[in-house]
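Colleague: Below are the structure tokens for one structure; questions will follow.
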4 protein chains.
Amino acid sequence: MDILIKSGNIITASETYTADILIEGEKISAIGKGLQTNANTKIIDAEGMNVLPGGVDVHTHFDLPMFGTVSSDDHYTGHKAAAYGGTTTVIDFIPQDEHELLKNVETWHKKVAEKAAIDYSFHMNITTFDDQIAHEIPNLKREGINSLKVFTAYNDRLRLTDGEIYQVLRIAKDNGMLVMVHAENGDVIELLVKEALAKGNTSPEWHAYTRPASGASESVNRVISLAEQTGAPLYIVHMNTKGGVDHVRNARLSGLPIMGETCPQYLFFTAEDLKKEDGAKWICSPPMRLKADNEGMWKAVSDGTMQVIATDHCPFFYDGTKPINYEGKEIAIPGKELGKEDFTKIPNGLPAVGDRLLILWSFGVGSGRITPNKFVQLTSTDPAKIFGLYPKKGTILPGSDADITIWDPEKEINYGVAYSQHRTDYNLFEGWNLKGVVDKVFLRGKLIVDGSVWSGKRGMGKFIFRNDIVVV
Amino acid sequence: MDILIKSGNIITASETYTADILIEGEKISAIGKGLQTNANTKIIDAEGMNVLPGGVDVHTHFDLPMFGTVSSDDHYTGHKAAAYGGTTTVIDFIPQDEHELLKNVETWHKKVAEKAAIDYSFHMNITTFDDQIAHEIPNLKREGINSLKVFTAYNDRLRLTDGEIYQVLRIAKDNGMLVMVHAENGDVIELLVKEALAKGNTSPEWHAYTRPASGASESVNRVISLAEQTGAPLYIVHMNTKGGVDHVRNARLSGLPIMGETCPQYLFFTAEDLKKEDGAKWICSPPMRLKADNEGMWKAVSDGTMQVIATDHCPFFYDGTKPINYEGKEIAIPGKELGKEDFTKIPNGLPAVGDRLLILWSFGVGSGRITPNKFVQLTSTDPAKIFGLYPKKGTILPGSDADITIWDPEKEINYGVAYSQHRTDYNLFEGWNLKGVVDKVFLRGKLIVDGSVWSGKRGMGKFIFRNDIVVV
Amino acid sequence: MDILIKSGNIITASETYTADILIEGEKISAIGKGLQTNANTKIIDAEGMNVLPGGVDVHTHFDLPMFGTVSSDDHYTGHKAAAYGGTTTVIDFIPQDEHELLKNVETWHKKVAEKAAIDYSFHMNITTFDDQIAHEIPNLKREGINSLKVFTAYNDRLRLTDGEIYQVLRIAKDNGMLVMVHAENGDVIELLVKEALAKGNTSPEWHAYTRPASGASESVNRVISLAEQTGAPLYIVHMNTKGGVDHVRNARLSGLPIMGETCPQYLFFTAEDLKKEDGAKWICSPPMRLKADNEGMWKAVSDGTMQVIATDHCPFFYDGTKPINYEGKEIAIPGKELGKEDFTKIPNGLPAVGDRLLILWSFGVGSGRITPNKFVQLTSTDPAKIFGLYPKKGTILPGSDADITIWDPEKEINYGVAYSQHRTDYNLFEGWNLKGVVDKVFLRGKLIVDGSVWSGKRGMGKFIFRNDIVVV
Amino acid sequence: MDILIKSGNIITASETYTADILIEGEKISAIGKGLQTNANTKIIDAEGMNVLPGGVDVHTHFDLPMFGTVSSDDHYTGHKAAAYGGTTTVIDFIPQDEHELLKNVETWHKKVAEKAAIDYSFHMNITTFDDQIAHEIPNLKREGINSLKVFTAYNDRLRLTDGEIYQVLRIAKDNGMLVMVHAENGDVIELLVKEALAKGNTSPEWHAYTRPASGASESVNRVISLAEQTGAPLYIVHMNTKGGVDHVRNARLSGLPIMGETCPQYLFFTAEDLKKEDGAKWICSPPMRLKADNEGMWKAVSDGTMQVIATDHCPFFYDGTKPINYEGKEIAIPGKELGKEDFTKIPNGLPAVGDRLLILWSFGVGSGRITPNKFVQLTSTDPAKIFGLYPKKGTILPGSDADITIWDPEKEINYGVAYSQHRTDYNLFEGWNLKGVVDKVFLRGKLIVDGSVWSGKRGMGKFIFRNDIVVV
């Protein structure tokens, strides 16, 4: 049965217009004025509604082991929360737990395939490097994985040396792959953390104090230099400092293929939030910064310095000793309470995959900071283009996957943990009033969210084989 | 009879995809994969061809009296040349010959209506200002004219004082209109011209030497400051200095609604060209600059500092004493030869309306400086948005006017006056080899150019009533 | 009789050291350790005291007619106040009241010669320009006057057009003279003032609101462009906007010979002060700006963007209806009260010549914003160098005029009108606590100020013939 | 016996004037006009000559073991060459050959004391770091050593980690010491060197290709960030990239206490020189860069971004198999020929200590790039201030050491190895024509160079105990 989404206000990265969308099977087959239908066509009246491409979140960590526990959304619950929030494709990171890269890919495929409720792909972390890894990286491309993540922080755990990053960049360039980098200065962090603990500074705000913004900004410049020397494009994840985006802006203005991502949390919160009684809720890495950094990020988002807003979704329970009800069952997963006595033991991460689009629509578009077209570009089209998902994903065009969200622009709600669908016990945006929310979500032509009704299913999400990356 | 453009490679400001376009009447009615047709549908096979929205040239001067002659393209010949070059909408400037604004509008409507072969609109020059003009400006909006042009140069002829420009900006802001400015320092030009002539420096290159780039750059900063003080948006025409675009870039980075336009001639030629024997061909205002300025403009075009590439089309015969054959008749119009003995008497302007898209495709897209999407954005979508023509013009969407160009991406030609259709005796791009040219042009669903065949007609072009301007 | 200033802490623009200074006649003859003296040598023990070159204030307006009154310090009272504040040389502006320049010079010489109590020179205002003036300007150099002031504001009164300023710059360059410019946008000011009065906005703060900072900043860029085109050096007076000094900084970093001056009032006060009941006290042009501008000026002062701190001293009585006692006589001069009902009638200007060094020492050096050497450079050495007074003035060297100030670095006072010696009824720095004040002042070897004792005399000041200007 | 230098043209960092200088013992006792003398005073007529403070070269490597040989000037021959070139104080680097810092200091004292012919001090290299070193660093201050050098390059030999540098900076700040840094990216260099050799790229230009400018620039930003985080001042040695000085300029404009040094070789030569047959002569680290970098350095020197021009003097024979005659003896020391087959074995360094002032005077002052005062500031006064030698060294003032150079401004010579006094077989400035050369040099009142006559002696140079560093 075909579907006709009738008379919606279609919003893409550059256009806003009213038309009908005809879906045949998993694809959009036509867009037009007064498109003809037949008896088998299911008609969805979208007059007065906004119709956007499904969101693409290129930075998630589902079911990720950390500090003796695991991020509390798995590849089903996280996908479901994403879908409720209007996101239909996610890209998750594969840790390099085993040395051989493809083994890790295999593990991750197994972990996800049966659970996936929306479409997905993977980035591969490169956290050890040697000749064998150098040799294996190109093989990832044949697996449909064209993006690699490296770290300048987490000494002795995840960090590569500058020289190793240089080599990964060179290999990536030669193979049409994209290097993503977590840019902080690992040395200084390690030192400050040790000193903080030695002085008994164990409360959550020390997480921020021990990870200085200047080191993040410096590291951004450093990896840009490494990329410049190799000619490789570069993508910097979860940027959150004014100094850092200034480096990216300068690099782009000088013609370098440098791209950057930020996340909703870095647009709204500051290190002050970590001083609250429940400050552990805001613990993630890099940490919250200053108000001036929030402003710097908004500027970078609106002037094109940042191309992507993703989430770095990696939720933990605030109090993992108290169960919550999830799909009818009681569940509790150890979380932030693990670090009650020591901020270095608080699992790093927070829920966001479902919040992203809703929060940005009300507080980005609604506040006039970005246009609706820019919203689509940042959260769907450009991430899809960069990582090789476009035009299958990231837009509304004939031939594209029918991943479509229908938004009620007038509906107002009070947001928070009770509304969002993350499998955790808190939400950072608790109590925020939103105007304009997701009403329906289609994944490849199937209606998986309809108001509060969930029709998605474990296993219906597909792995998306990705091709060449694109510099935007 | 409906038309189906089948399987073309559709290129818009942000998307590239393959689909069919169905045209019903003057409008695009649907875009899709395998759209159904009936016996009455004329099918145009566009497989392997690029399908773009018709070009929008927001800066033309047809039939403009100057220096005792007139620009050699009128509103028919100029429209025809534009169409051959893929442009389907132009905006022409109305001189304020009579004090009362609407009288000038009326004059221009009369001049154009019977001749127009493509769609058109008008900008209104404001070259004298007083309380009456202040009072009349808002009336233009009711005539569908939302843009005003002012000059900081041409003392005692066209120039307004800074204080008058400030007032025009304020009125424009209050009425949702856009001020366009020709920014050069009139005082210094006047002085240098007088001195050059006094010293017997009369050859064409003195046109460039007497109009310094620093004065153009300074004036850009000056009008940005005036706009900033009023809160009005601003559009700077025919920018061509590195210094000037640096001011625009800084203004935009600081959040000001400042926009800028350049023209093909300023991307390729320099003041050196004025030293050639036939240097008069390159005489226009502002004059050609340095190679470094060409580079600065390309950078500004590719990094988003410039939003529009228009033409400032204002052609003259190089030798108006020798007739050319035009539509079967001999025609000669006095031109550049008028200033043989005195560069200040050389009519200012050059042919460009038909060259713009062809040259930019081969030497902008073809050379890798801009993407095909950026090409569409600069030459069609953004100009249409800024001046209130969008989404009627400037894009390919259901509901939009069926102004469509079909390009043969593989066809190679040797360009020049024999190929272009301007009513003049020379072309600046003589002998340039192009790859990728316009094959068919539709104006509101009518095929007006088909290869070398012209089916357009005088009077078929319509005046487009424009609404609110948009800051991009 | 020779004088030996013994064991003082000598501070110059680049050195700080302890030594004796021997004065023979009007000159410093030697500086040394343990210099030998004879019976005729008067010894002044300066141990523990700071010994600095006399201040050079290159921007004063004594006895200047304005708005039907006159600035309340004449060339005697103003010199005396300057001397008490540690300044031993001033440069005053000659208005172009008569068309012929040298006549004005003659007038000013007559006005000053009998009154002068410290050394002085003149700048010449150029407020009308024609061929005759162009011809006369070089003659000023033969009179020892090498600096010309022009205005971009005060339409129809003082303003030259951009083209005229361009010509003045060219003449100055050809004759080794320096153009000084008052940079505001005259057009916008004129318009806003007219509109403010029409709306009944007559209170002092409207003086600030009608002279926008953006116009001042724009004008700075404009005159820099004019200077750049002529190759002439340029000196911008009384700068007070962050935007303006950013233009100067950029110009200097690109190698242009652009220099700038600010004044104490622009480092400490804002437009908010004009809202006070006695806001008229702060009325001068350009007006006070924002806190961010104060900060911008301090940065420009400390990073070398500004080379000079002068005063623009031009005092008026706050209430010219109430006499004050001056040297034993009652005196009242109409002042700020003239504009009680209309801010445009408030005489523009304020007392400062005596405050400058005292305030800057306590709140510039004392607060750590500038070093003692920088203090000397900004207030004595660089102004002397720029305007051709050096090394006669502006430093402590063998052969230099013995213009020397001895400061007591530990003495604390409460400053204000009762302490300062201006002939007016108020002081902007009323009640400020200072640490470090002038104790003794020598003018060409004569002790003219000794604590509170004044030994200066009318007529003892000499006109200083100035030679080539210097770009610093 | 006293000395009177009569009627010379005295040039200091900020003043130029004519006066006599009286030297009593080792000190300047007075400066004056027509200073009186007695029968015991030796009078040196300096009329028409320039009189400058002796040069201070804060970056030398005498008698430094490297690559199986040693730098060919020892602490006598190098001092003598320095003196001939007008330099009277040097600061040499102590390698951390033994772990305990003070042992190395002791070694260096022994090495130098008997040889020193001019005054000297030491910087201490910190090339391994642990708690013991952290503890020992403050002890250096008691030895009169207040400066520490660290490296971001030379992995596994000299490099400290970022975290270690951070700690050294913190200790330095707490103890009023200054950290100097050699800033290149060690990782990338190591990798590129290995790859170059593997590919058989062994000729001298590969020294430049394997040490990218971008890595140097990045490292500068990195160490600035580390300094910013600790609040410590920072001094970056031998800067030679446009990108690097841009970082320093920005840091200084934002108020950070960052300082930089360049060397003559980086103002005149490029990587192209390494391609010459005798390219090994130009091998030093960091390597020669591009013409654009030379220009960037000149700009940085003239706009105040760089405060010091030193030399990094570390000479080697070009052909150490052929003896030269030095003070009457044949001497040969293995040199550049060691790396004939492998650029990594070419000793890094070149002769410069004697060239510095002569070359800079003719090609810096003589060419108009810097003023004579700036020359003194860069080569004597500011280095003396920064490292705590001032006002004993670095200026001409009563009480200062009588380290004085007398220059003949009109004398012209053809420069090169035959004129300079380095103990090596080549000179980079061979054949350059100089105008203005050192005629006489006084060290603490003793005439050690008089034209071509050398009166200096081994052991007459004194170690200078240094106090607090100063940020300029």
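Chain lettering (A, B, ...) mirrors the order of the structure tokens, residue numbering begins at 1 for each chain separately, and ligand numbering begins at 1 in order of display.
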At a cut-off of 6 Å, using only C-alpha atoms, what residues contact segment 68-83 of chain B? Leave out same-chain residues fewer than 4 positions from it and give the result as a PyMOL selection string.

Modeller: chain B and resi 62-64+87-88+112+115-118+314-316+334+353-354+421-423

Colleague: Please run DSSP on the backbone and report, as number ranges by chain, all residues within segment 108-206 of chain C that come out as helix (DSSP H, G or I).

Modeller: C: 108-113, 131-142, 162-174, 186-198, 205-206

Colleague: Restricting it to C-alpha atoms, dump the selection as a tab-separated table (two decimals), in the first residue's frame.

Modeller:
chain	number	residue	atom	x	y	z
C	108	TRP	CA	47.62	83.20	17.77
C	109	HIS	CA	51.21	84.26	18.33
C	110	LYS	CA	49.96	87.61	19.60
C	111	LYS	CA	47.42	86.00	21.83
C	112	VAL	CA	49.93	83.68	23.44
C	113	ALA	CA	53.30	85.40	23.60
C	131	ASP	CA	43.99	76.33	-4.30
C	132	GLN	CA	45.17	79.22	-2.20
C	133	ILE	CA	45.22	77.13	0.95
C	134	ALA	CA	46.98	74.36	-0.94
C	135	HIS	CA	49.60	76.88	-1.86
C	136	GLU	CA	49.95	78.31	1.65
C	137	ILE	CA	50.25	75.08	3.63
C	138	PRO	CA	53.95	74.54	2.89
C	139	ASN	CA	54.66	78.03	4.25
C	140	LEU	CA	53.59	76.89	7.70
C	141	LYS	CA	56.60	74.64	7.86
C	142	ARG	CA	58.84	77.70	7.63
C	162	ASP	CA	36.95	63.41	1.60
C	163	GLY	CA	38.46	64.81	-1.58
C	164	GLU	CA	39.81	67.85	0.24
C	165	ILE	CA	41.27	65.73	3.02
C	166	TYR	CA	42.92	63.59	0.35
C	167	GLN	CA	44.55	66.71	-1.07
C	168	VAL	CA	45.68	67.98	2.33
C	169	LEU	CA	47.24	64.59	2.99
C	170	ARG	CA	49.11	64.73	-0.28
C	171	ILE	CA	50.47	68.19	0.40
C	172	ALA	CA	51.45	67.16	3.92
C	173	LYS	CA	53.30	64.15	2.65
C	174	ASP	CA	55.19	66.19	0.09
C	186	GLY	CA	29.29	64.39	10.19
C	187	ASP	CA	26.25	63.55	8.10
C	188	VAL	CA	24.69	61.13	10.50
C	189	ILE	CA	25.38	63.39	13.46
C	190	GLU	CA	23.74	66.34	11.78
C	191	LEU	CA	20.68	64.29	10.98
C	192	LEU	CA	20.34	62.72	14.42
C	193	VAL	CA	20.81	66.03	16.19
C	194	LYS	CA	18.08	67.64	14.12
C	195	GLU	CA	15.75	64.74	14.80
C	196	ALA	CA	16.53	64.65	18.52
C	197	LEU	CA	15.74	68.34	18.94
C	198	ALA	CA	12.58	67.96	16.86
C	205	GLU	CA	22.90	62.31	27.15
C	206	TRP	CA	21.50	63.09	23.71

Colleague: Calculate how many Å separate atom CA of Val179 of chain B from atom CA of Val150 of chain B, rounding to one decimal.

Modeller: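 Computing it gives 7.2 Å between the two atoms.
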
Colleague: Taking only C-alpha atoms into account, produce a table as CSV in which each residue of chain A with an atom at most 6 Å from an atom of chain B appears once, together with its shortest atom pair and the distance in Å to one decimal, ordered by chain and rising number.

Modeller:
residue,atom,partner,partner_atom,distance
A:Ser29,CA,B:Lys33,CA,5.2
A:Ala30,CA,B:Gly32,CA,3.7
A:Ile31,CA,B:Ile31,CA,5.2
A:Gly32,CA,B:Ala30,CA,3.7
A:Lys33,CA,B:Ser29,CA,5.2
A:Pro398,CA,B:Gly32,CA,5.0

Colleague: Please list as number ranges by chain every residue within 12 Å of segment 275-283 of chain C, counting only C-alpha atoms and excluding residues in the same chain fewer than 5 positions away.

Modeller: C: 202-209, 211, 265-266, 268-270, 288-289, 314-319, 335-352, 424-430

Colleague: Out of segment 179-303 of chain D, which residues get strand (DSSP E or B) from DSSP, as a list in words?

Modeller: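 Here is the list: Val179, Met180, Val181, His182, Leu234, Tyr235, Ile236, Ile258, Met259, Gly260, Glu261, Thr262, Thr270 and Arg289 of chain D.
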
Colleague: Might you pull out every residue within 10 Å of Val237 of chain A, with only C-alpha atoms counted and same-chain residues fewer than 6 positions away left off, and present them as an NGL selection string?

Modeller: :A and (58-59 or 149 or 180-183 or 259-263 or 286 or 308-312)

Colleague: Tell me, as a PyMOL selection string, which residues lie within 8 Å of Gly48 of chain C, counting only C-alpha atoms; anything in the same chain fewer than 4 positions away does not count.

Modeller: chain C and resi 7-9+408-409

Colleague: Just the residues within 9 Å of Gly296 of chain C, please, counting only C-alpha atoms, with nothing from its chain fewer than 3 positions along; format it as an mmCIF file with N, CA, C and O atoms, in the first residue's frame.

Modeller:
data_model
loop_
_atom_site.group_PDB
_atom_site.id
_atom_site.type_symbol
_atom_site.label_atom_id
_atom_site.label_comp_id
_atom_site.auth_asym_id
_atom_site.auth_seq_id
_atom_site.Cartn_x
_atom_site.Cartn_y
_atom_site.Cartn_z
ATOM 1 N N ASN C 240 38.353 57.081 20.771
ATOM 2 C CA ASN C 240 37.650 56.562 21.948
ATOM 3 C C ASN C 240 36.725 55.389 21.669
ATOM 4 O O ASN C 240 35.903 55.050 22.524
ATOM 5 N N THR C 241 36.856 54.760 20.492
ATOM 6 C CA THR C 241 36.003 53.590 20.235
ATOM 7 C C THR C 241 36.856 52.356 19.975
ATOM 8 O O THR C 241 37.902 52.427 19.333
ATOM 9 N N LYS C 242 36.366 51.238 20.469
ATOM 10 C CA LYS C 242 37.032 49.962 20.230
ATOM 11 C C LYS C 242 37.131 49.688 18.734
ATOM 12 O O LYS C 242 38.167 49.254 18.230
ATOM 13 N N GLY C 243 36.051 49.959 18.026
ATOM 14 C CA GLY C 243 36.062 49.743 16.581
ATOM 15 C C GLY C 243 37.115 50.578 15.881
ATOM 16 O O GLY C 243 37.804 50.114 14.972
ATOM 17 N N VAL C 245 39.974 51.857 17.141
ATOM 18 C CA VAL C 245 41.354 51.411 17.367
ATOM 19 C C VAL C 245 41.638 50.066 16.714
ATOM 20 O O VAL C 245 42.776 49.782 16.347
ATOM 21 N N ASP C 246 40.611 49.263 16.522
ATOM 22 C CA ASP C 246 40.827 48.028 15.753
ATOM 23 C C ASP C 246 41.283 48.372 14.336
ATOM 24 O O ASP C 246 42.167 47.708 13.779
ATOM 25 N N LEU C 267 39.231 56.950 28.951
ATOM 26 C CA LEU C 267 39.664 55.713 29.595
ATOM 27 C C LEU C 267 38.828 55.398 30.830
ATOM 28 O O LEU C 267 38.846 54.286 31.338
ATOM 29 N N LYS C 291 31.570 51.178 28.393
ATOM 30 C CA LYS C 291 32.596 50.483 29.184
ATOM 31 C C LYS C 291 33.512 49.652 28.265
ATOM 32 O O LYS C 291 34.736 49.634 28.450
ATOM 33 N N ALA C 292 32.929 48.961 27.298
ATOM 34 C CA ALA C 292 33.730 48.137 26.391
ATOM 35 C C ALA C 292 34.702 48.989 25.582
ATOM 36 O O ALA C 292 35.783 48.521 25.201
ATOM 37 N N ASP C 293 34.316 50.223 25.323
ATOM 38 C CA ASP C 293 35.229 51.121 24.612
ATOM 39 C C ASP C 293 36.368 51.541 25.534
ATOM 40 O O ASP C 293 37.521 51.591 25.101
ATOM 41 N N LYS C 299 43.495 48.620 26.176
ATOM 42 C CA LYS C 299 44.231 47.602 25.417
ATOM 43 C C LYS C 299 45.079 48.279 24.335
ATOM 44 O O LYS C 299 46.255 47.946 24.152
ATOM 45 N N ALA C 300 44.478 49.226 23.645
ATOM 46 C CA ALA C 300 45.195 49.913 22.560
ATOM 47 C C ALA C 300 46.362 50.719 23.105
ATOM 48 O O ALA C 300 47.400 50.874 22.456
ATOM 49 N N VAL C 301 46.192 51.256 24.291
ATOM 50 C CA VAL C 301 47.262 52.012 24.940
ATOM 51 C C VAL C 301 48.400 51.063 25.321
ATOM 52 O O VAL C 301 49.575 51.353 25.098
#

Colleague: Excluding same-chain residues fewer than 4 positions from Pro95 of chain C, what lies within 8 Å of it counting only C-alpha atoms, as a list in words?

Modeller: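 Result of the neighbour search: Asn104, Met124, Asn125 and Ile126 of chain C.
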
Colleague: Produce a file of the selected residues containing C-alpha atoms, as a compact mmCIF listing (two decimals), in the first residue's frame.

Modeller:
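As a result, result-v2.txt now contains:
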# COMPACT_ATOMS: atom_id res chain seq x y z
CA ASN C 104 45.69 83.16 11.89
CA MET C 124 46.96 74.69 12.20
CA ASN C 125 43.32 73.77 11.57
CA ILE C 126 42.41 73.50 7.90

Colleague: Please report the interatomic distance between atom CA of Ile258 of chain B and atom CA of Arg369 of chain A in Å with one decimal.

Modeller: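 Calculated distance between atom CA of Ile258 of chain B and atom CA of Arg369 of chain A is 16.8 Å.
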
Colleague: Measuring atom to atom with only C-alpha atoms, identify which of A:Ile3, A:Asn294, A:Gly451, A:Thr127 is nearest to Ile44 of chain A.

Modeller: A:Ile3
